[in-house]
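Below is one structure, written out as structure tokens, with a few remarks after it.
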Amino acid sequence: MATAPAASSHEPLPGTVQNPYSALPNWFYPANVVFWLGLFVVYAAVVVLVERTGRYGPYLSPFFSPEINLRVGGFLIPPAIWVAWAPLAFRLTCYYYRKAYFRSFLWHPRSCAVNEPKRATYRGETRFWIFNNLHRYAFYAIFIQTLFLWYDVIAGLLQHQQLGAVLGFGNLLMLVNVLALSGYTYGCHAFRHLAGGGVDCFSCSRVRFALWRGVTVLNVRHDRWAWVSMFTVWGTDVYIRLLVHGVIPHAAWN
Amino acid sequence: MAVSTPSRNVVLMSVFRGDADGGELVNYRVPIREGMVVLDAVLWVQANMAPDLAVRWNCKAAKCGSCSAEINGFPRLMCKSPVAEYGEEFTVRPMRTFPIIRDLVTDVSWNYEVNKKIPPFTPSAEDAADPEPWRMQQEDVDRITEFRKCIECFLCQDVCHVLRNHDRKDAFFGPRFMIRTASLEMHPKDALDRRPLMKGEGGVGMCNITKCCTEVCPEHIHITDNAIIPLKERVADLYFDPLRAIGRRLRGKK
């Protein structure tokens with residue numbers, strides 16, 4: 001029997017505690033979130049503030065749907081500004097993204113059972129972050145926006161056929177994007193609550209129970225829908241933007 | 001005092017030995033056998049090397065919730081943690097969130113005090129006076145059965161950074177008591193409204209959805225998705241949703 005250097009059981013441990021349920025090192029998740037989410041935010045900010053259109057023939061970027069071209073004194077207000085606030089608010093207050101940014105950007109905590117940097121008194125979501133309680137209002141906005149995106153997909157397909165082509169690569173991207181966004185939006189925790197989660201007696205309200213179960217199917221993978229839909233939005237916009245700027249040729253099947 | 005063991009097929013287990021005044025990690029070489037869990041190793045040490053080693057355990061079947069500890073710094077049930085997962089060396093410490101009594105035993109009585117603050121199941125006067133046995137439908141039972149799987153191991157309380165890192169036991173009941181409250185709030189025969197308690201002393205707003213409680217739960221209860229988030233949404237219904245507030249006023253409710 002040998003003894004290690006004296007230590008208190010409640011002394012801070014090194015920040016290297018490994019989650020035994022995960023094969024990945026504990027820095028992997030926060031590092032990935034910071035990189036990908038950070039990169040997306042920068043990309044989105046540039047598109048919203050700099051780009052003037054998301055339209056290329058029958059295609060419309062999700063950043064610009066619905067299209068609102070408002071001029072003030074001859075100056076076109078960046079059209080994406082009218083749209084971007086809704087997904088920004090939805091993702092900022094999303095219960096999954098809260099985990100992602102609290103862990104990765106704020107280290108509250110960076111990973112389970114690791115130490116946190118010394119900071120002021122922790123108040124959770126009771127003070128500054130209290131606005132997260134309005135997630136349902138962001139859901140209402142994104143619910144409507146998703147309907148616009150479905151309209152864009154259908155309108156894009158119809159317009160393409162009027163131009164003599166059956167299907168464009170952009171149509172496919174827009175369809176995949178709206179499917180991913182629908183999976184994310186309609187699996188939202190606030191929607192799950194509104195659908196039936198707020199009811200105490202499921203057997204007294206069969207319709208709401210059925211709706212709650214449907215939302216739950218999507219909700220159990222809400223994190224994956226969140227990431228997949230972020231990348232589909234990104235990919236769809238990149239493709240349309242490359243077309244707009246004439247970098248790549250239009251690909252379509254006749 | 002030390003028992004000589006074969007050099008092969010042994011692991012080096014460092015166990016915290018001490019009390020509130022301090023202590024140290026003591027190394028024990030433990031012979032391993034197939035299927036051995038960490039609790040087996042600790043009990044082997046107690047039987048062969050350190051009869052005064054304090055450890056709380058009962059069922060050795062992951063059902064009593066007694067043998068919670070931190071293995072390599074991560075909260076787990078010792079009886080559900082195979083030694084083979086940890087290689088040749090690992091540490092065993094008591095839960096950090098609660099005051100230590102001795103060695104691996106902590107004082108978890110704070111949890112029982114919190115439990116007393118949650119009003120128990122309270123049926124309506126009508127239901128209470130009903131002489132017939134109550135009938136519940138399976139879907140209503142299923143929902144709250146998940147919460148009643150809790151074995152009160154308090155690993156979720158231990159890993160919760162609000163309690164563990166910030167020591168805000170004054171402001172947050174912790175995940176275990178979020179699921180207890182949810183099991184009562186979602187019971188179709190319960191008539192009490194615990195949302196004011198949750199917003200106030202219960203402190204559901206302190207949770208920032210990092211989901212560590214869900215990760216460590218040995219019963220795989222979806223603590224965050226099925227209890228804490230629904231409670232947050234119910235609190236938002238009452239306190240943070242202006243449209244619902246207007247609706248309540250129009251209907252003449254407070």
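Quick note on naming: the chains in the structure tokens go A, B, ... in the order shown, residues restart at 1 in each chain, and ligands are numbered from 1 in order of appearance.
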Requested in this report: Determine, counting only C-alpha atoms, which protein, DNA and RNA residues have an atom within 7 Å of an atom of region 59-67 of chain B; residues of the same chain fewer than 2 positions away are not included. Present the result as JSON, numbers by chain.
Outcome: {"B": [56, 57, 69, 77, 78, 79, 80, 151, 152, 153]}
Write a file of the just-selected residues containing N, CA and C atoms, as a CSV table (one decimal), in the first residue's frame.
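The resulting file, part.csv, is shown below:
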```
chain,number,residue,atom,x,y,z
B,56,ARG,N,-20.4,3.2,1.1
B,56,ARG,CA,-21.9,3.0,1.3
B,56,ARG,C,-22.3,2.1,0.1
B,57,TRP,N,-22.9,1.0,0.4
B,57,TRP,CA,-23.4,0.2,-0.7
B,57,TRP,C,-24.5,-0.8,-0.2
B,69,ALA,N,-20.1,7.4,-6.6
B,69,ALA,CA,-18.7,7.9,-6.4
B,69,ALA,C,-18.2,8.5,-7.6
B,77,LEU,N,-22.1,5.0,-10.7
B,77,LEU,CA,-22.3,4.0,-9.6
B,77,LEU,C,-21.1,3.0,-9.7
B,78,MET,N,-20.5,2.8,-8.6
B,78,MET,CA,-19.3,1.8,-8.6
B,78,MET,C,-19.8,0.4,-9.0
B,79,CYS,N,-21.0,0.1,-8.7
B,79,CYS,CA,-21.4,-1.3,-9.0
B,79,CYS,C,-21.8,-1.5,-10.5
B,80,LYS,N,-21.8,-0.4,-11.2
B,80,LYS,CA,-22.1,-0.4,-12.7
B,80,LYS,C,-20.9,0.0,-13.5
B,151,ILE,N,-33.5,6.2,-8.8
B,151,ILE,CA,-33.1,5.4,-7.6
B,151,ILE,C,-32.4,6.3,-6.5
B,152,GLU,N,-32.5,7.6,-6.8
B,152,GLU,CA,-31.9,8.5,-5.8
B,152,GLU,C,-30.4,8.2,-5.5
B,153,CYS,N,-29.7,8.0,-6.6
B,153,CYS,CA,-28.2,7.9,-6.4
B,153,CYS,C,-27.6,9.2,-6.2
```
Once you count only C-alpha atoms, which residues of chain B turn out to be within 6 Å of chain A? Could you give them as an mmCIF file with C-alpha atoms, in the first residue's frame?
```
data_model
loop_
_atom_site.group_PDB
_atom_site.id
_atom_site.type_symbol
_atom_site.label_atom_id
_atom_site.label_comp_id
_atom_site.auth_asym_id
_atom_site.auth_seq_id
_atom_site.Cartn_x
_atom_site.Cartn_y
_atom_site.Cartn_z
ATOM 1 C CA ALA B 2 -0.787 -4.700 2.674
ATOM 2 C CA GLY B 22 -8.478 16.350 4.788
ATOM 3 C CA GLY B 23 -7.121 13.151 3.390
ATOM 4 C CA GLU B 24 -5.183 11.584 0.605
ATOM 5 C CA LEU B 25 -5.345 9.127 -2.226
ATOM 6 C CA VAL B 26 -4.159 5.721 -1.058
ATOM 7 C CA ASN B 27 -2.987 3.217 -3.660
ATOM 8 C CA TYR B 28 -4.119 -0.385 -3.530
ATOM 9 C CA GLY B 73 -13.252 12.156 -11.603
ATOM 10 C CA ARG B 96 -17.661 16.293 -4.640
ATOM 11 C CA ASP B 140 -50.635 8.841 -18.594
ATOM 12 C CA VAL B 159 -22.560 16.399 -11.685
ATOM 13 C CA MET B 186 -47.687 15.877 -14.970
ATOM 14 C CA HIS B 187 -49.865 13.545 -12.910
ATOM 15 C CA PRO B 188 -53.426 13.795 -14.251
ATOM 16 C CA GLY B 205 -34.187 29.024 -14.215
ATOM 17 C CA MET B 206 -30.754 28.182 -12.817
ATOM 18 C CA CYS B 207 -30.463 25.226 -15.177
ATOM 19 C CA ASN B 208 -28.789 26.153 -18.441
ATOM 20 C CA ILE B 209 -29.541 22.870 -20.236
ATOM 21 C CA THR B 210 -26.033 21.440 -20.384
ATOM 22 C CA CYS B 212 -24.780 16.486 -17.744
ATOM 23 C CA ALA B 236 -42.835 30.309 -19.078
#
```
**Report entry** Surrounding residues of Pro82 (chain B) excluding itself and chain neighbours under 2 positions, 8 Å, only C-alpha atoms, as JSON, numbers by chain
**Finding:** {"B": [35, 36, 37, 38, 79, 80, 84, 85, 86]}
Query raised in the report: Leaving out region 247-249 of chain A and any residue of its chain fewer than 3 positions from it, which residues lie within 12 Å of it when counting only C-alpha atoms, given as a PyMOL selection string?
Result: chain A and resi 56+168-170+238-244+252
Query raised in the report: Do you know which residues are at most 8 Å from region 180-184 of chain A counting only C-alpha atoms, after dropping those on the same chain fewer than 6 positions away, and could you put them as a ChimeraX atom specification?
Result: /A:146,218-219,222,225-226,228-229,232
Write the selection just made, keeping C-alpha atoms, as a PDB file, in the first residue's frame?
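Dumped to result-v9.pdb:
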```
ATOM      1  CA  THR A 146     -40.441  27.405 -42.861  1.00  0.00           C
ATOM      2  CA  LEU A 218     -38.256  14.504 -34.069  1.00  0.00           C
ATOM      3  CA  ASN A 219     -37.356  15.952 -30.680  1.00  0.00           C
ATOM      4  CA  HIS A 222     -33.126  17.632 -31.959  1.00  0.00           C
ATOM      5  CA  TRP A 225     -31.496  18.160 -36.740  1.00  0.00           C
ATOM      6  CA  ALA A 226     -29.983  21.401 -35.435  1.00  0.00           C
ATOM      7  CA  VAL A 228     -27.797  19.081 -40.164  1.00  0.00           C
ATOM      8  CA  SER A 229     -30.140  21.978 -40.853  1.00  0.00           C
ATOM      9  CA  THR A 232     -27.975  22.496 -45.295  1.00  0.00           C
TER      10      THR A 232
END
```
Query - Contacts of region 41-54 of chain A at 9 Å (only C-alpha atoms; same-chain gap of 5+ positions) as a list in words - result: Trp36, Tyr59, Leu60, Ser61, Pro62, Phe63, Phe64, Ser65, Glu67, Leu76, Ile77, Pro78, Pro79, Ala80, Ile81, Val83, Ala84, Trp234, Asp237, Ile240, Arg241 and Val244 of chain A
Selection above as a file: N, CA and C atoms, as a PDB file, in the first residue's frame:
```pdb
ATOM      1  N   TRP A  36     -17.277  25.370 -35.863  1.00  0.00           N
ATOM      2  CA  TRP A  36     -18.319  25.344 -36.898  1.00  0.00           C
ATOM      3  C   TRP A  36     -19.376  26.421 -36.684  1.00  0.00           C
ATOM      4  N   TYR A  59     -34.139  29.640 -58.083  1.00  0.00           N
ATOM      5  CA  TYR A  59     -33.624  29.334 -56.745  1.00  0.00           C
ATOM      6  C   TYR A  59     -33.667  30.564 -55.845  1.00  0.00           C
ATOM      7  N   LEU A  60     -33.908  30.306 -54.566  1.00  0.00           N
ATOM      8  CA  LEU A  60     -33.860  31.390 -53.583  1.00  0.00           C
ATOM      9  C   LEU A  60     -33.148  30.885 -52.333  1.00  0.00           C
ATOM     10  N   SER A  61     -32.135  31.634 -51.929  1.00  0.00           N
ATOM     11  CA  SER A  61     -31.385  31.261 -50.728  1.00  0.00           C
ATOM     12  C   SER A  61     -32.278  31.358 -49.491  1.00  0.00           C
ATOM     13  N   PRO A  62     -32.112  30.422 -48.535  1.00  0.00           N
ATOM     14  CA  PRO A  62     -32.922  30.498 -47.303  1.00  0.00           C
ATOM     15  C   PRO A  62     -32.675  31.763 -46.495  1.00  0.00           C
ATOM     16  N   PHE A  63     -31.532  32.410 -46.706  1.00  0.00           N
ATOM     17  CA  PHE A  63     -31.268  33.678 -45.996  1.00  0.00           C
ATOM     18  C   PHE A  63     -32.172  34.799 -46.496  1.00  0.00           C
ATOM     19  N   PHE A  64     -32.767  34.626 -47.680  1.00  0.00           N
ATOM     20  CA  PHE A  64     -33.499  35.725 -48.312  1.00  0.00           C
ATOM     21  C   PHE A  64     -34.985  35.413 -48.501  1.00  0.00           C
ATOM     22  N   SER A  65     -35.476  34.403 -47.820  1.00  0.00           N
ATOM     23  CA  SER A  65     -36.876  34.014 -47.987  1.00  0.00           C
ATOM     24  C   SER A  65     -37.675  34.337 -46.728  1.00  0.00           C
ATOM     25  N   GLU A  67     -38.680  37.129 -49.877  1.00  0.00           N
ATOM     26  CA  GLU A  67     -37.946  38.252 -50.485  1.00  0.00           C
ATOM     27  C   GLU A  67     -38.635  39.570 -50.156  1.00  0.00           C
ATOM     28  N   LEU A  76     -31.012  50.295 -50.982  1.00  0.00           N
ATOM     29  CA  LEU A  76     -31.655  49.012 -50.717  1.00  0.00           C
ATOM     30  C   LEU A  76     -31.222  48.497 -49.350  1.00  0.00           C
ATOM     31  N   ILE A  77     -32.193  48.377 -48.489  1.00  0.00           N
ATOM     32  CA  ILE A  77     -31.878  47.790 -47.179  1.00  0.00           C
ATOM     33  C   ILE A  77     -31.553  46.313 -47.398  1.00  0.00           C
ATOM     34  N   PRO A  78     -30.415  45.826 -46.891  1.00  0.00           N
ATOM     35  CA  PRO A  78     -30.056  44.419 -47.146  1.00  0.00           C
ATOM     36  C   PRO A  78     -31.256  43.501 -46.888  1.00  0.00           C
ATOM     37  N   PRO A  79     -31.741  42.831 -47.952  1.00  0.00           N
ATOM     38  CA  PRO A  79     -33.006  42.080 -47.826  1.00  0.00           C
ATOM     39  C   PRO A  79     -32.973  40.988 -46.756  1.00  0.00           C
ATOM     40  N   ALA A  80     -31.801  40.416 -46.512  1.00  0.00           N
ATOM     41  CA  ALA A  80     -31.734  39.309 -45.547  1.00  0.00           C
ATOM     42  C   ALA A  80     -31.991  39.780 -44.116  1.00  0.00           C
ATOM     43  N   ILE A  81     -31.862  41.096 -43.898  1.00  0.00           N
ATOM     44  CA  ILE A  81     -32.088  41.619 -42.548  1.00  0.00           C
ATOM     45  C   ILE A  81     -33.519  41.337 -42.090  1.00  0.00           C
ATOM     46  N   VAL A  83     -35.197  38.846 -42.692  1.00  0.00           N
ATOM     47  CA  VAL A  83     -35.392  37.404 -42.506  1.00  0.00           C
ATOM     48  C   VAL A  83     -34.521  36.859 -41.366  1.00  0.00           C
ATOM     49  N   ALA A  84     -33.286  37.334 -41.313  1.00  0.00           N
ATOM     50  CA  ALA A  84     -32.269  36.679 -40.484  1.00  0.00           C
ATOM     51  C   ALA A  84     -32.588  36.699 -38.987  1.00  0.00           C
ATOM     52  N   TRP A 234     -26.406  26.469 -44.948  1.00  0.00           N
ATOM     53  CA  TRP A 234     -25.089  26.958 -45.371  1.00  0.00           C
ATOM     54  C   TRP A 234     -24.796  26.507 -46.807  1.00  0.00           C
ATOM     55  N   ASP A 237     -27.064  28.081 -49.494  1.00  0.00           N
ATOM     56  CA  ASP A 237     -26.699  29.466 -49.788  1.00  0.00           C
ATOM     57  C   ASP A 237     -25.393  29.551 -50.559  1.00  0.00           C
ATOM     58  N   ILE A 240     -26.099  28.685 -54.260  1.00  0.00           N
ATOM     59  CA  ILE A 240     -26.823  29.750 -54.968  1.00  0.00           C
ATOM     60  C   ILE A 240     -25.940  30.992 -55.132  1.00  0.00           C
ATOM     61  N   ARG A 241     -25.144  31.269 -54.107  1.00  0.00           N
ATOM     62  CA  ARG A 241     -24.273  32.446 -54.164  1.00  0.00           C
ATOM     63  C   ARG A 241     -23.192  32.270 -55.256  1.00  0.00           C
ATOM     64  N   VAL A 244     -24.944  33.014 -58.412  1.00  0.00           N
ATOM     65  CA  VAL A 244     -25.212  34.458 -58.537  1.00  0.00           C
ATOM     66  C   VAL A 244     -23.965  35.204 -59.014  1.00  0.00           C
TER      67      VAL A 244
END
```
Requested in this report: Give the helix (DSSP H, G or I) residues of region 8-254 of chain A, as assigned by DSSP on the backbone, as a ChimeraX atom specification.
Outcome: /A:28-50,62-64,81-93,95-104,128-162,169-185,189-197,202-204,206-219,222-244
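In this comparison, which uses only C-alpha atoms, the residue of A:Asn171, A:Gly214, A:Leu39, A:Val207 approaching Leu158 (chain A) most closely is A:Asn171.
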Requested in this report: Can you check which residues of region 16-239 of chain B DSSP gives as strand (DSSP E) on the backbone and send them as a VMD selection string?
Outcome: chain B and resid 16 to 19 22 to 31 68 to 71 74 to 77 89 to 93 100 to 102 105 to 106
Can those selected residues be exported to a file as a CSV table (one decimal), in the first residue's frame so that it contains C-alpha atoms?
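Resulting contents of selection-v1.csv:
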```csv
chain,number,residue,atom,x,y,z
B,16,PHE,CA,-9.6,8.7,-1.3
B,17,ARG,CA,-9.0,8.1,2.4
B,18,GLY,CA,-9.9,10.9,4.8
B,19,ASP,CA,-12.7,13.1,6.2
B,22,GLY,CA,-8.5,16.4,4.8
B,23,GLY,CA,-7.1,13.2,3.4
B,24,GLU,CA,-5.2,11.6,0.6
B,25,LEU,CA,-5.3,9.1,-2.2
B,26,VAL,CA,-4.2,5.7,-1.1
B,27,ASN,CA,-3.0,3.2,-3.7
B,28,TYR,CA,-4.1,-0.4,-3.5
B,29,ARG,CA,-3.1,-3.2,-5.9
B,30,VAL,CA,-6.2,-5.2,-6.5
B,31,PRO,CA,-6.3,-8.6,-8.2
B,68,SER,CA,-22.3,6.7,-6.1
B,69,ALA,CA,-18.7,7.9,-6.4
B,70,GLU,CA,-16.3,9.6,-8.8
B,71,ILE,CA,-14.2,7.2,-10.8
B,74,PHE,CA,-16.5,11.2,-13.3
B,75,PRO,CA,-19.7,10.5,-11.3
B,76,ARG,CA,-20.8,6.9,-11.6
B,77,LEU,CA,-22.3,4.0,-9.6
B,89,GLU,CA,-4.9,2.5,-12.9
B,90,PHE,CA,-7.8,4.5,-11.8
B,91,THR,CA,-9.0,6.7,-8.9
B,92,VAL,CA,-12.1,6.5,-6.7
B,93,ARG,CA,-13.2,9.5,-4.8
B,100,ILE,CA,-17.6,14.3,3.1
B,101,ILE,CA,-18.2,12.1,6.1
B,102,ARG,CA,-15.4,9.6,5.6
B,105,VAL,CA,-19.2,8.3,2.1
B,106,THR,CA,-20.7,11.7,1.8
```
